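S.K.: Take a look at protein-v6.cif, mmCIF, C-alpha atoms and all ligand atoms:
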```cif
data_structure
loop_
_atom_site.label_atom_id
_atom_site.label_comp_id
_atom_site.auth_asym_id
_atom_site.auth_seq_id
_atom_site.Cartn_x
_atom_site.Cartn_y
_atom_site.Cartn_z
CA MET D 1 -5.07 165.31 -98.80
CA LEU D 2 -5.57 166.75 -102.28
CA GLU D 3 -1.88 166.35 -102.82
CA GLN D 4 -1.99 162.71 -101.69
CA LEU D 5 -4.87 162.19 -104.05
CA GLU D 6 -2.87 163.64 -106.93
CA GLN D 7 0.09 161.40 -106.13
CA LEU D 8 -2.19 158.39 -106.03
CA ARG D 9 -3.54 159.32 -109.48
CA LEU D 10 -0.05 159.63 -110.96
CA GLU D 11 1.13 156.36 -109.39
CA ALA D 12 -1.98 154.51 -110.64
CA LEU D 13 -1.55 155.82 -114.19
CA GLU D 14 2.13 154.99 -114.23
CA LYS D 15 1.53 151.42 -113.04
CA LEU D 16 -1.34 150.95 -115.51
CA ALA D 17 0.81 152.00 -118.45
CA ALA D 18 3.30 149.22 -117.64
CA ILE D 19 0.71 146.43 -117.50
CA ALA D 20 0.79 143.85 -120.32
CA ASP D 21 -1.39 140.92 -119.14
CA GLY D 22 -4.90 140.29 -117.83
CA GLU D 23 -3.78 138.99 -114.45
CA ALA D 24 -1.78 142.17 -113.61
CA LEU D 25 -4.71 144.23 -114.85
CA ASP D 26 -7.06 142.53 -112.37
CA GLY D 27 -4.55 143.18 -109.57
CA TRP D 28 -4.35 146.86 -110.55
CA GLU D 29 -8.14 147.23 -110.55
CA LYS D 30 -8.38 145.72 -107.05
CA ARG D 31 -5.55 147.84 -105.72
CA PHE D 32 -6.69 151.25 -107.01
CA ILE D 33 -10.37 151.46 -107.97
CA GLY D 34 -11.92 148.28 -106.50
CA ARG D 35 -14.27 148.27 -103.49
CA LYS D 36 -11.33 148.13 -101.12
CA GLY D 37 -8.94 150.02 -103.43
CA ALA D 38 -6.86 153.10 -102.56
CA VAL D 39 -9.16 155.67 -104.25
CA THR D 40 -12.24 154.30 -102.45
CA GLU D 41 -10.28 154.41 -99.18
CA MET D 42 -9.60 158.12 -99.80
CA THR D 43 -13.35 158.86 -100.09
CA ARG D 44 -13.80 157.34 -96.63
CA ARG D 45 -11.25 159.78 -95.23
CA VAL D 46 -13.39 162.81 -96.16
CA GLY D 47 -14.40 163.08 -92.47
CA GLU D 48 -10.82 164.11 -91.61
CA LEU D 49 -11.32 167.38 -93.56
CA SER D 50 -12.98 170.59 -92.51
CA LYS D 51 -16.50 171.32 -93.74
CA ASP D 52 -15.22 173.84 -96.31
CA GLU D 53 -12.66 171.50 -97.83
CA ARG D 54 -15.02 168.56 -98.18
CA PRO D 55 -16.97 169.58 -101.41
CA GLU D 56 -13.78 170.31 -103.35
CA PHE D 57 -12.18 167.05 -102.19
CA GLY D 58 -15.31 164.99 -102.94
CA ARG D 59 -15.51 166.38 -106.48
CA ARG D 60 -11.84 165.70 -107.11
CA VAL D 61 -12.02 162.10 -105.82
CA ASN D 62 -14.95 161.41 -108.13
CA GLU D 63 -13.13 162.93 -111.11
CA ILE D 64 -10.06 160.85 -110.41
CA LYS D 65 -12.09 157.66 -109.95
CA GLN D 66 -13.83 158.24 -113.31
CA ALA D 67 -10.58 159.07 -115.08
CA LEU D 68 -8.87 155.98 -113.67
CA SER D 69 -11.85 153.77 -114.63
CA ALA D 70 -11.73 155.10 -118.21
CA ALA D 71 -7.96 154.56 -118.35
CA TYR D 72 -8.51 151.01 -117.01
CA GLU D 73 -11.10 150.21 -119.74
CA ALA D 74 -8.80 151.52 -122.46
CA ARG D 75 -5.84 149.53 -121.15
CA ALA D 76 -7.96 146.37 -120.79
CA ALA D 77 -8.96 146.60 -124.47
CA THR D 78 -5.32 146.97 -125.56
CA VAL D 79 -4.15 144.09 -123.35
CA GLN D 80 -6.94 141.79 -124.58
CA SER D 81 -6.23 142.38 -128.24
CA ALA D 82 -2.48 141.91 -127.66
CA GLU D 83 -3.22 138.60 -125.88
CA MET D 84 -5.46 137.46 -128.74
CA GLU D 85 -2.72 138.25 -131.26
CA ARG D 86 -0.19 136.32 -129.19
CA ARG D 87 -2.51 133.30 -129.04
CA LEU D 88 -3.16 133.39 -132.78
CA ALA D 89 0.55 133.69 -133.56
CA SER D 90 1.48 130.72 -131.32
CA GLY D 91 -1.27 128.34 -132.57
CA ALA D 92 -1.08 129.39 -136.21
CA LEU D 93 -3.92 127.91 -138.27
CA ASP D 94 -3.40 127.32 -141.98
CA VAL D 95 -6.90 127.60 -143.41
CA SER D 96 -5.69 126.49 -146.85
CA LEU D 97 -4.85 122.94 -145.61
CA PRO D 98 -7.35 120.22 -146.63
CA GLY D 99 -9.74 119.14 -143.83
CA ARG D 100 -9.64 115.72 -142.17
CA PRO D 101 -12.15 113.46 -143.92
CA LYS D 102 -14.77 111.85 -141.66
CA LEU D 103 -14.40 108.06 -141.81
CA LEU D 104 -17.69 106.37 -142.61
CA GLY D 105 -18.45 102.87 -141.37
CA ARG D 106 -19.67 100.28 -143.85
CA LEU D 107 -21.53 97.01 -143.82
CA HIS D 108 -19.43 93.88 -143.39
CA PRO D 109 -19.48 91.69 -146.55
CA SER D 110 -21.19 88.96 -144.49
CA THR D 111 -23.99 91.37 -143.59
CA GLN D 112 -24.26 92.53 -147.20
CA ILE D 113 -24.68 89.00 -148.56
CA LEU D 114 -27.13 88.12 -145.78
CA ARG D 115 -29.26 91.11 -146.77
CA ASP D 116 -29.16 90.03 -150.44
CA ILE D 117 -30.24 86.54 -149.39
CA PHE D 118 -33.05 87.84 -147.12
CA ARG D 119 -34.35 90.07 -149.91
CA ILE D 120 -34.57 87.22 -152.42
CA TRP D 121 -36.26 84.81 -149.99
CA GLY D 122 -38.55 87.64 -148.89
CA ASP D 123 -39.58 88.15 -152.54
CA MET D 124 -40.39 84.43 -152.68
CA GLY D 125 -42.64 84.64 -149.60
CA PHE D 126 -40.28 83.40 -146.86
CA GLN D 127 -40.16 85.30 -143.57
CA VAL D 128 -37.16 85.53 -141.22
CA TYR D 129 -37.37 83.44 -138.04
CA ARG D 130 -34.64 83.91 -135.41
CA SER D 131 -33.46 81.14 -133.12
CA PRO D 132 -30.71 81.15 -130.46
CA ASP D 133 -26.97 80.53 -130.96
CA VAL D 134 -26.75 78.54 -127.72
CA GLU D 135 -28.87 75.42 -128.13
CA THR D 136 -29.82 72.24 -126.40
CA ASP D 137 -28.32 68.97 -127.59
CA GLU D 138 -31.94 67.84 -127.93
CA ASN D 139 -32.86 70.52 -130.52
CA ASN D 140 -29.51 70.51 -132.31
CA PHE D 141 -29.37 66.70 -132.64
CA GLN D 142 -31.93 64.43 -131.00
CA LEU D 143 -35.14 65.97 -132.38
CA LEU D 144 -33.43 66.12 -135.78
CA ASN D 145 -33.25 62.33 -135.77
CA ILE D 146 -29.67 62.17 -134.46
CA PRO D 147 -29.74 60.23 -131.16
CA PRO D 148 -26.80 60.36 -128.69
CA ASP D 149 -23.86 58.30 -129.98
CA HIS D 150 -25.27 58.21 -133.52
CA PRO D 151 -22.31 58.10 -135.94
CA ALA D 152 -23.83 61.01 -137.94
CA ARG D 153 -22.81 63.29 -135.07
CA ASP D 154 -19.29 63.15 -136.52
CA MET D 155 -20.54 65.37 -139.36
CA TRP D 156 -20.67 68.27 -136.88
CA ALA D 157 -17.61 68.81 -134.68
CA THR D 158 -19.33 70.35 -131.68
CA PHE D 159 -18.37 73.04 -129.15
CA TYR D 160 -19.76 71.87 -125.80
CA THR D 161 -20.37 74.11 -122.79
CA THR D 162 -19.83 73.34 -119.10
CA ARG D 163 -23.64 72.92 -118.77
CA GLU D 164 -24.66 69.32 -119.51
CA GLY D 165 -26.76 69.17 -122.69
CA ILE D 166 -26.07 72.80 -123.75
CA ILE D 167 -23.95 73.41 -126.86
CA LEU D 168 -23.20 76.12 -129.45
CA ARG D 169 -25.39 75.28 -132.41
CA THR D 170 -23.46 73.50 -135.13
CA HIS D 171 -26.05 74.40 -137.78
CA THR D 172 -29.27 76.41 -138.03
CA SER D 173 -31.41 73.25 -138.37
CA PRO D 174 -32.53 73.23 -134.67
CA GLY D 175 -34.50 76.38 -135.59
CA GLN D 176 -36.71 74.07 -137.73
CA ILE D 177 -38.00 72.37 -134.55
CA ARG D 178 -38.64 75.74 -132.86
CA ALA D 179 -40.49 77.15 -135.90
CA MET D 180 -42.59 73.99 -136.36
CA ARG D 181 -43.57 73.87 -132.69
CA GLN D 182 -44.57 77.53 -132.83
CA TYR D 183 -46.59 77.42 -136.06
CA CYS D 184 -48.06 73.87 -136.04
CA PRO D 185 -50.56 73.09 -137.62
CA GLU D 186 -50.22 76.12 -139.95
CA PRO D 187 -48.21 75.85 -143.20
CA ILE D 188 -44.69 77.27 -142.86
CA ARG D 189 -42.36 79.22 -145.13
CA VAL D 190 -39.43 80.61 -143.16
CA ILE D 191 -35.71 81.24 -143.39
CA LEU D 192 -33.63 80.91 -140.23
CA PRO D 193 -30.37 82.86 -140.41
CA GLY D 194 -27.65 82.72 -137.78
CA MET D 195 -24.06 82.12 -136.77
CA CYS D 196 -22.99 78.46 -136.43
CA TYR D 197 -19.99 77.11 -134.56
CA ARG D 198 -17.83 74.07 -135.32
CA TYR D 199 -14.65 72.78 -133.77
CA GLU D 200 -13.02 72.37 -137.17
CA GLN D 201 -9.69 72.67 -138.88
CA VAL D 202 -9.64 76.17 -140.41
CA THR D 203 -8.92 76.11 -144.16
CA ALA D 204 -9.60 78.31 -147.22
CA ARG D 205 -13.23 77.04 -147.16
CA HIS D 206 -13.81 76.20 -143.48
CA GLU D 207 -14.10 78.52 -140.51
CA THR D 208 -14.93 77.70 -136.89
CA GLN D 209 -17.77 80.22 -137.03
CA PHE D 210 -19.81 81.03 -140.11
CA TYR D 211 -23.31 82.10 -141.06
CA GLN D 212 -25.92 79.70 -142.30
CA VAL D 213 -29.33 80.51 -143.67
CA GLU D 214 -31.73 77.65 -143.09
CA GLY D 215 -34.97 77.38 -145.03
CA LEU D 216 -38.09 75.43 -144.16
CA ALA D 217 -41.36 74.95 -146.00
CA VAL D 218 -44.10 72.72 -144.59
CA GLY D 219 -47.49 72.16 -146.19
CA ASN D 220 -49.73 69.40 -147.47
CA GLN D 221 -48.44 68.91 -150.99
CA ILE D 222 -44.81 69.92 -151.01
CA THR D 223 -42.57 67.75 -153.20
CA MET D 224 -38.91 67.37 -154.11
CA SER D 225 -39.59 69.28 -157.36
CA ASP D 226 -40.73 72.26 -155.27
CA LEU D 227 -37.40 72.07 -153.46
CA LYS D 228 -35.37 71.92 -156.68
CA GLY D 229 -37.42 74.62 -158.40
CA THR D 230 -37.31 76.99 -155.43
CA LEU D 231 -33.56 76.60 -154.88
CA SER D 232 -32.82 76.95 -158.61
CA SER D 233 -34.90 80.12 -158.69
CA PHE D 234 -32.95 81.44 -155.69
CA THR D 235 -29.52 80.80 -157.27
CA ARG D 236 -30.64 82.33 -160.58
CA ARG D 237 -31.75 85.48 -158.75
CA LEU D 238 -28.55 85.66 -156.70
CA PHE D 239 -25.85 84.69 -159.22
CA GLY D 240 -27.60 85.46 -162.52
CA PRO D 241 -29.28 83.04 -164.97
CA GLU D 242 -26.07 82.03 -166.75
CA ARG D 243 -24.40 80.46 -163.68
CA GLU D 244 -24.55 76.62 -163.71
CA THR D 245 -25.81 74.73 -160.65
CA ARG D 246 -26.22 71.03 -159.87
CA PHE D 247 -27.81 68.80 -157.22
CA ARG D 248 -25.90 65.81 -155.85
CA PRO D 249 -27.46 63.04 -153.74
CA SER D 250 -26.28 63.26 -150.14
CA TYR D 251 -27.18 62.19 -146.63
CA PHE D 252 -28.56 64.10 -143.65
CA PRO D 253 -30.39 62.26 -140.82
CA PHE D 254 -33.14 64.92 -140.78
CA THR D 255 -34.05 64.83 -144.50
CA GLU D 256 -35.03 61.96 -146.80
CA PRO D 257 -34.10 62.07 -149.61
CA SER D 258 -31.17 64.46 -149.12
CA ALA D 259 -29.05 66.42 -151.58
CA GLU D 260 -26.36 69.03 -151.82
CA MET D 261 -26.34 71.91 -154.27
CA ASP D 262 -23.17 73.05 -156.01
CA VAL D 263 -22.56 76.24 -157.97
CA GLU D 264 -20.02 76.51 -160.76
CA CYS D 265 -16.80 77.99 -159.33
CA ILE D 266 -16.57 81.65 -160.31
CA LEU D 267 -12.89 81.91 -159.43
CA CYS D 268 -11.79 79.48 -162.15
CA GLU D 269 -14.97 79.55 -164.33
CA GLY D 270 -15.39 75.82 -163.68
CA LYS D 271 -11.86 74.89 -164.81
CA GLY D 272 -10.64 73.78 -161.36
CA CYS D 273 -8.69 75.67 -158.67
CA ALA D 274 -7.72 75.43 -154.96
CA VAL D 275 -11.07 76.85 -153.78
CA CYS D 276 -13.14 74.25 -155.66
CA LYS D 277 -10.58 71.52 -154.96
CA GLN D 278 -9.99 71.24 -158.74
CA THR D 279 -13.61 70.10 -159.33
CA GLY D 280 -14.98 73.28 -160.92
CA TRP D 281 -17.90 73.24 -158.41
CA VAL D 282 -18.39 74.73 -154.93
CA GLU D 283 -20.96 73.28 -152.53
CA ILE D 284 -23.20 76.00 -151.11
CA LEU D 285 -25.95 74.13 -149.32
CA GLY D 286 -27.41 70.90 -148.02
CA CYS D 287 -31.11 70.18 -148.51
CA GLY D 288 -33.81 67.54 -148.67
CA MET D 289 -37.38 66.57 -147.83
CA VAL D 290 -38.04 66.93 -144.11
CA HIS D 291 -37.78 63.48 -142.49
CA PRO D 292 -41.13 62.14 -141.16
CA VAL D 293 -39.60 61.75 -137.67
CA VAL D 294 -38.63 65.44 -137.67
CA LEU D 295 -42.09 66.51 -138.87
CA GLN D 296 -43.55 64.48 -136.02
CA ASN D 297 -41.13 66.03 -133.50
CA GLY D 298 -42.29 69.43 -134.73
CA GLY D 299 -45.93 68.47 -134.13
CA TYR D 300 -46.99 67.76 -137.74
CA ASP D 301 -48.60 64.50 -138.82
CA PRO D 302 -46.26 63.07 -141.53
CA ALA D 303 -49.20 61.25 -143.12
CA LYS D 304 -50.77 64.64 -143.95
CA TYR D 305 -47.84 67.02 -144.20
CA THR D 306 -44.60 67.13 -146.16
CA GLY D 307 -41.91 69.74 -146.31
CA PHE D 308 -38.50 70.66 -147.64
CA ALA D 309 -35.54 72.20 -145.86
CA PHE D 310 -32.12 73.54 -146.80
CA GLY D 311 -29.13 75.08 -145.07
CA MET D 312 -26.74 77.34 -146.99
CA GLY D 313 -23.40 78.82 -145.95
CA SER D 314 -23.57 82.55 -146.64
CA GLU D 315 -19.80 83.18 -146.55
CA ARG D 316 -19.36 80.45 -149.17
CA ILE D 317 -21.98 82.24 -151.26
CA ALA D 318 -20.22 85.58 -150.78
CA MET D 319 -16.93 83.94 -151.87
CA LEU D 320 -18.56 82.81 -155.09
CA LYS D 321 -20.37 86.06 -155.75
CA TYR D 322 -17.43 88.37 -155.05
CA GLY D 323 -14.55 86.09 -156.12
CA ILE D 324 -13.00 85.78 -152.61
CA ASN D 325 -10.49 82.93 -152.52
CA ASP D 326 -10.18 82.41 -148.75
CA ILE D 327 -12.91 82.32 -146.09
CA ARG D 328 -10.41 83.40 -143.39
CA TYR D 329 -10.59 86.99 -144.67
CA PHE D 330 -14.12 87.35 -143.28
CA TRP D 331 -13.25 87.32 -139.57
CA SER D 332 -9.61 88.46 -139.62
CA ASN D 333 -10.66 92.14 -139.49
CA ASP D 334 -8.20 93.25 -142.16
CA LEU D 335 -9.41 96.68 -143.32
CA ARG D 336 -7.70 96.23 -146.71
CA PHE D 337 -10.16 93.38 -147.32
CA LEU D 338 -13.23 94.93 -145.68
CA GLU D 339 -12.84 98.26 -147.49
CA GLN D 340 -13.28 96.57 -150.87
CA PHE D 341 -17.01 96.06 -150.21
C1 LIG A 1 -25.76 71.29 -142.52
O1 LIG A 1 -25.28 72.00 -141.65
C2 LIG A 1 -27.19 70.96 -142.59
N1 LIG A 1 -27.84 71.41 -141.40
C3 LIG A 1 -27.79 71.59 -143.83
C4 LIG A 1 -29.18 71.11 -144.09
C5 LIG A 1 -30.25 71.84 -143.64
C6 LIG A 1 -29.39 69.93 -144.81
C7 LIG A 1 -31.54 71.41 -143.88
C8 LIG A 1 -30.66 69.49 -145.05
C9 LIG A 1 -31.72 70.23 -144.59
P1 LIG A 1 -23.50 71.13 -143.83
O2 LIG A 1 -22.67 70.69 -142.70
O3 LIG A 1 -23.16 70.54 -145.16
O4 LIG A 1 -25.03 70.86 -143.57
O5 LIG A 1 -23.43 72.72 -143.95
C10 LIG A 1 -24.27 73.45 -144.82
C11 LIG A 1 -23.50 74.57 -145.52
O6 LIG A 1 -22.85 75.37 -144.54
C12 LIG A 1 -22.36 74.06 -146.38
O7 LIG A 1 -22.83 73.75 -147.67
C13 LIG A 1 -21.43 75.23 -146.42
O8 LIG A 1 -21.88 76.20 -147.34
C14 LIG A 1 -21.60 75.81 -145.02
N2 LIG A 1 -20.54 75.35 -144.13
C15 LIG A 1 -20.45 74.17 -143.48
N3 LIG A 1 -19.34 74.12 -142.72
C16 LIG A 1 -18.70 75.29 -142.89
C17 LIG A 1 -17.50 75.86 -142.35
N4 LIG A 1 -16.74 75.22 -141.48
N5 LIG A 1 -17.15 77.11 -142.73
C18 LIG A 1 -17.95 77.79 -143.61
N6 LIG A 1 -19.10 77.32 -144.13
C19 LIG A 1 -19.47 76.09 -143.78
#
```
Would you mind writing the file out in structure tokens?
Ligand code: FA5
M.R.:
Amino acid sequence: MLEQLEQLRLEALEKLAAIADGEALDGWEKRFIGRKGAVTEMTRRVGELSKDERPEFGRRVNEIKQALSAAYEARAATVQSAEMERRLASGALDVSLPGRPKLLGRLHPSTQILRDIFRIWGDMGFQVYRSPDVETDENNFQLLNIPPDHPARDMWATFYTTREGIILRTHTSPGQIRAMRQYCPEPIRVILPGMCYRYEQVTARHETQFYQVEGLAVGNQITMSDLKGTLSSFTRRLFGPERETRFRPSYFPFTEPSAEMDVECILCEGKGCAVCKQTGWVEILGCGMVHPVVLQNGGYDPAKYTGFAFGMGSERIAMLKYGINDIRYFWSNDLRFLEQF
């Protein structure tokens, strides 16, 4: 038996010396020194020996088991470091290469200009009032003094939905009715920002969806000079005091009198170009004194209250402020454009 034991020791050491990977090493451990391994099996055979031979055999088995365990540990360390070196060599990492920069998101130019606009109106005491993109025909038109079949409806090419009387808002003006009905009879000073939708021919100045920022002030002594003064103060703060502006008489069914405000074209410095249709001016907003019918629809008595309202296109304003010559850039998702802001 002692001889068998010795042979087992030599065979185990010989096999161990030839092992080069972790998997073979595990197999070796199971085969020779594991719970069901050959050396453990030998200890169980001690009963086959005479009483005198047993102590000597037991001692020797233990010695061999310890020696093989130590040899196993040493081999495992060598195999592991060889494997690590192999892995490093195959997936070589050049630490001197520059890292990959993390791409940071940025605010869309439309969002940036909206925030500029909110800040200025906030400074002038106007709070933001949100109203929905999907509106009723009643709020978008009828309560704004535009009955069904009124020719003024042609001013807003409308996207209809499959639900009778439900449309995508063509302007932010329906928010005026919502704000008035919520705050009546309190005085109001709000801006109503939001996306508007029109079934229009897309050109350098017209998109089918664009932001508007509506404004509404209602009180008991508000006049047209308040409207002109407030809007002039806004454009001075946004574009700087040197930029020329002008009011032109206009027509909206929900304001009387009505006007439009133009800003001198920044792209051609007022000389005339494609963006300003060779006029030197770009229209940025419509405005006027809230029509008595609309005040009444909002719950205010037009004999006691007056108000002014305006609706500005914020992409048009961004075009003027940043010298952008085509509104189509805003929603075409071209990173070369977006990354400039
Ligand atoms: C209106 O929508 C009125 N609701 C504005 C108003 C509000 C008047 C309150 C009186 C009182 P208008 O259709 O002109 O008006 O649009 C207002 C502004 O929105 C325009 O001056 C322009 O800056 C912008 N705008 C209009 N249509 C487009 C379009 N297709 N693409 C981009 N901007 C547009």
S.K.: Out of D:Ile117, D:Val202, D:Cys273, D:Val263, which residue has the shortest atom-to-atom distance to ligand LIG 1 (chain A) when counting all atoms listed in the file?
M.R.: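 Between D:Ile117, D:Val202, D:Cys273, D:Val263, the residue approaching ligand LIG 1 (chain A) most closely is D:Val202.
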S.K.: Out of D:Arg205, D:Arg248, D:Arg153, D:Arg100, which residue has the shortest atom-to-atom distance to Thr170 in chain D when counting only C-alpha atoms?
M.R.: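 For Thr170 in chain D, the nearest of the candidates is D:Arg153.
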S.K.: Around ligand LIG 1 (chain A), at most 6 Å away and counting all atoms listed in the file, which residues are there? Put them as a PyMOL selection string, please.
M.R.: chain D and resi 171+173+205-208+210+212+252+255+283-288+309-313+316
S.K.: In Å, how far is it from CA of Leu68 in chain D to CA of Glu53 in chain D?
M.R.: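 About the pair CA of Leu68 in chain D and CA of Glu53 in chain D: they are 22.5 Å apart.
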S.K.: Rounded to one decimal place, report the CA of Arg87 in chain D-CA of Ala70 in chain D distance in Å.
M.R.: 26.0 Å
S.K.: Within 10 Å of (-29.7, 74.5, -137.9), all atoms listed in the file: residues as a list in words?
M.R.: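 Within 10 Å of (-29.7, 74.5, -137.9), the protein and nucleic acid residues are Ser131, Asp133, Glu135, Asn139, Asn140, Phe141, Leu144, Arg169, Thr170, His171, Thr172, Ser173, Pro174, Gly175, Gln176, Ile177, Leu192, Pro193, Gly194, Met195, Cys196, Gln212, Val213, Glu214, Gly215, Phe310, Gly311 and Met312 of chain D.
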S.K.: Would you mind telling me which residue in D:Glu11, D:Glu264, D:Gln4, D:Val79 lies nearest to Glu23 in chain D when using all atoms listed in the file?
M.R.: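 Between D:Glu11, D:Glu264, D:Gln4, D:Val79, the residue approaching Glu23 in chain D most closely is D:Val79.
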S.K.: Just want the 12 Å neighbourhood of Ile19 in chain D, counted on all atoms listed in the file, with same-chain residues fewer than 2 positions away dropped. Output as an mmCIF file with C-alpha atoms, in the coordinates of the input.
M.R.:
```
data_model
loop_
_atom_site.group_PDB
_atom_site.id
_atom_site.type_symbol
_atom_site.label_atom_id
_atom_site.label_comp_id
_atom_site.auth_asym_id
_atom_site.auth_seq_id
_atom_site.Cartn_x
_atom_site.Cartn_y
_atom_site.Cartn_z
ATOM 1 C CA ALA D 12 -1.980 154.510 -110.640
ATOM 2 C CA LEU D 13 -1.550 155.820 -114.190
ATOM 3 C CA GLU D 14 2.130 154.990 -114.230
ATOM 4 C CA LYS D 15 1.530 151.420 -113.040
ATOM 5 C CA LEU D 16 -1.340 150.950 -115.510
ATOM 6 C CA ALA D 17 0.810 152.000 -118.450
ATOM 7 C CA ASP D 21 -1.390 140.920 -119.140
ATOM 8 C CA GLY D 22 -4.900 140.290 -117.830
ATOM 9 C CA GLU D 23 -3.780 138.990 -114.450
ATOM 10 C CA ALA D 24 -1.780 142.170 -113.610
ATOM 11 C CA LEU D 25 -4.710 144.230 -114.850
ATOM 12 C CA ASP D 26 -7.060 142.530 -112.370
ATOM 13 C CA GLY D 27 -4.550 143.180 -109.570
ATOM 14 C CA TRP D 28 -4.350 146.860 -110.550
ATOM 15 C CA GLU D 29 -8.140 147.230 -110.550
ATOM 16 C CA ALA D 71 -7.960 154.560 -118.350
ATOM 17 C CA TYR D 72 -8.510 151.010 -117.010
ATOM 18 C CA ALA D 74 -8.800 151.520 -122.460
ATOM 19 C CA ARG D 75 -5.840 149.530 -121.150
ATOM 20 C CA ALA D 76 -7.960 146.370 -120.790
ATOM 21 C CA ALA D 77 -8.960 146.600 -124.470
ATOM 22 C CA THR D 78 -5.320 146.970 -125.560
ATOM 23 C CA VAL D 79 -4.150 144.090 -123.350
ATOM 24 C CA GLN D 80 -6.940 141.790 -124.580
ATOM 25 C CA ALA D 82 -2.480 141.910 -127.660
#
```
S.K.: Excluding Gln127 in chain D and residues on its chain fewer than 3 positions from it, collect all residues at most 10 Å away from it, counting all atoms listed in the file, and give them as a list in words.
M.R.: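 Everything that qualifies: Phe118, Arg119, Trp121, Gly122, Asp123, Met124, Arg130, Ile188, Arg189, Val190, Ile191, Leu192 and Gly215 of chain D.
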S.K.: Extract, using all atoms listed in the file, all DNA, RNA and protein residues at most 9 Å from range 40-51 of chain D, discarding same-chain residues fewer than 6 positions from it, and format them as a PyMOL selection string.
M.R.: chain D and resi 1+5+32-34+57-58+61-62+65
S.K.: Give me the residues near range 330-338 of chain D as a ChimeraX atom specification, where near means some atom within 12 Å (using all atoms listed in the file) and where sequence neighbours in that chain fewer than 2 positions away do not count.
M.R.: /D:105-113,202,204-211,314-316,318-319,322,324-328,340-341
S.K.: Go through D:Asp137, D:Val294, D:Thr203, D:Pro187 and flag the residue nearest Lys277 in chain D, using only C-alpha atoms for the distances.
M.R.: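 The shortest atom-to-atom distance to Lys277 in chain D comes from D:Thr203.
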S.K.: Determine, counting only C-alpha atoms, which protein, DNA and RNA residues have an atom within 7 Å of an atom of range 256-258 of chain D; residues of the same chain fewer than 2 positions away are not included. Present the result as a list in words.
M.R.: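 Everything that qualifies: Pro249, Ser250, Tyr251, Phe252, Phe254, Cys287, Gly288, Met289, Val290 and His291 of chain D.
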S.K.: If you measure from CA of Cys276 in chain D to CA of Phe247 in chain D, what distance in Å do you get, rounded to one decimal?
M.R.: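 Computing it gives 15.7 Å between the two atoms.
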S.K.: Please fill the gaps in range 2-13 of chain D so it has N, CA and C atoms, and write that as a PDB file, in the frame of the given file.
M.R.:
```
ATOM      1  N   LEU D   2      -5.443 166.613-100.817  1.00  0.00           N
ATOM      2  CA  LEU D   2      -5.570 166.750-102.280  1.00  0.00           C
ATOM      3  C   LEU D   2      -4.265 166.352-102.968  1.00  0.00           C
ATOM      4  N   GLU D   3      -3.180 166.691-102.274  1.00  0.00           N
ATOM      5  CA  GLU D   3      -1.880 166.350-102.820  1.00  0.00           C
ATOM      6  C   GLU D   3      -1.686 164.822-102.864  1.00  0.00           C
ATOM      7  N   GLN D   4      -2.078 164.182-101.751  1.00  0.00           N
ATOM      8  CA  GLN D   4      -1.990 162.710-101.690  1.00  0.00           C
ATOM      9  C   GLN D   4      -2.804 162.081-102.824  1.00  0.00           C
ATOM     10  N   LEU D   5      -3.980 162.673-103.003  1.00  0.00           N
ATOM     11  CA  LEU D   5      -4.870 162.190-104.050  1.00  0.00           C
ATOM     12  C   LEU D   5      -4.193 162.282-105.420  1.00  0.00           C
ATOM     13  N   GLU D   6      -3.537 163.401-105.654  1.00  0.00           N
ATOM     14  CA  GLU D   6      -2.870 163.640-106.930  1.00  0.00           C
ATOM     15  C   GLU D   6      -1.742 162.618-107.132  1.00  0.00           C
ATOM     16  N   GLN D   7      -1.001 162.366-106.033  1.00  0.00           N
ATOM     17  CA  GLN D   7       0.090 161.400-106.130  1.00  0.00           C
ATOM     18  C   GLN D   7      -0.438 159.999-106.455  1.00  0.00           C
ATOM     19  N   LEU D   8      -1.562 159.690-105.781  1.00  0.00           N
ATOM     20  CA  LEU D   8      -2.190 158.390-106.030  1.00  0.00           C
ATOM     21  C   LEU D   8      -2.573 158.263-107.500  1.00  0.00           C
ATOM     22  N   ARG D   9      -3.127 159.322-108.067  1.00  0.00           N
ATOM     23  CA  ARG D   9      -3.540 159.320-109.480  1.00  0.00           C
ATOM     24  C   ARG D   9      -2.339 159.062-110.382  1.00  0.00           C
ATOM     25  N   LEU D  10      -1.238 159.780-110.112  1.00  0.00           N
ATOM     26  CA  LEU D  10      -0.050 159.630-110.960  1.00  0.00           C
ATOM     27  C   LEU D  10       0.527 158.211-110.855  1.00  0.00           C
ATOM     28  N   GLU D  11       0.568 157.702-109.598  1.00  0.00           N
ATOM     29  CA  GLU D  11       1.130 156.360-109.390  1.00  0.00           C
ATOM     30  C   GLU D  11       0.280 155.312-110.130  1.00  0.00           C
ATOM     31  N   ALA D  12      -1.065 155.470-109.996  1.00  0.00           N
ATOM     32  CA  ALA D  12      -1.980 154.510-110.640  1.00  0.00           C
ATOM     33  C   ALA D  12      -1.780 154.525-112.152  1.00  0.00           C
ATOM     34  N   LEU D  13      -1.696 155.730-112.727  1.00  0.00           N
ATOM     35  CA  LEU D  13      -1.550 155.820-114.190  1.00  0.00           C
ATOM     36  C   LEU D  13      -0.212 155.238-114.646  1.00  0.00           C
TER      37      LEU D  13
END
```
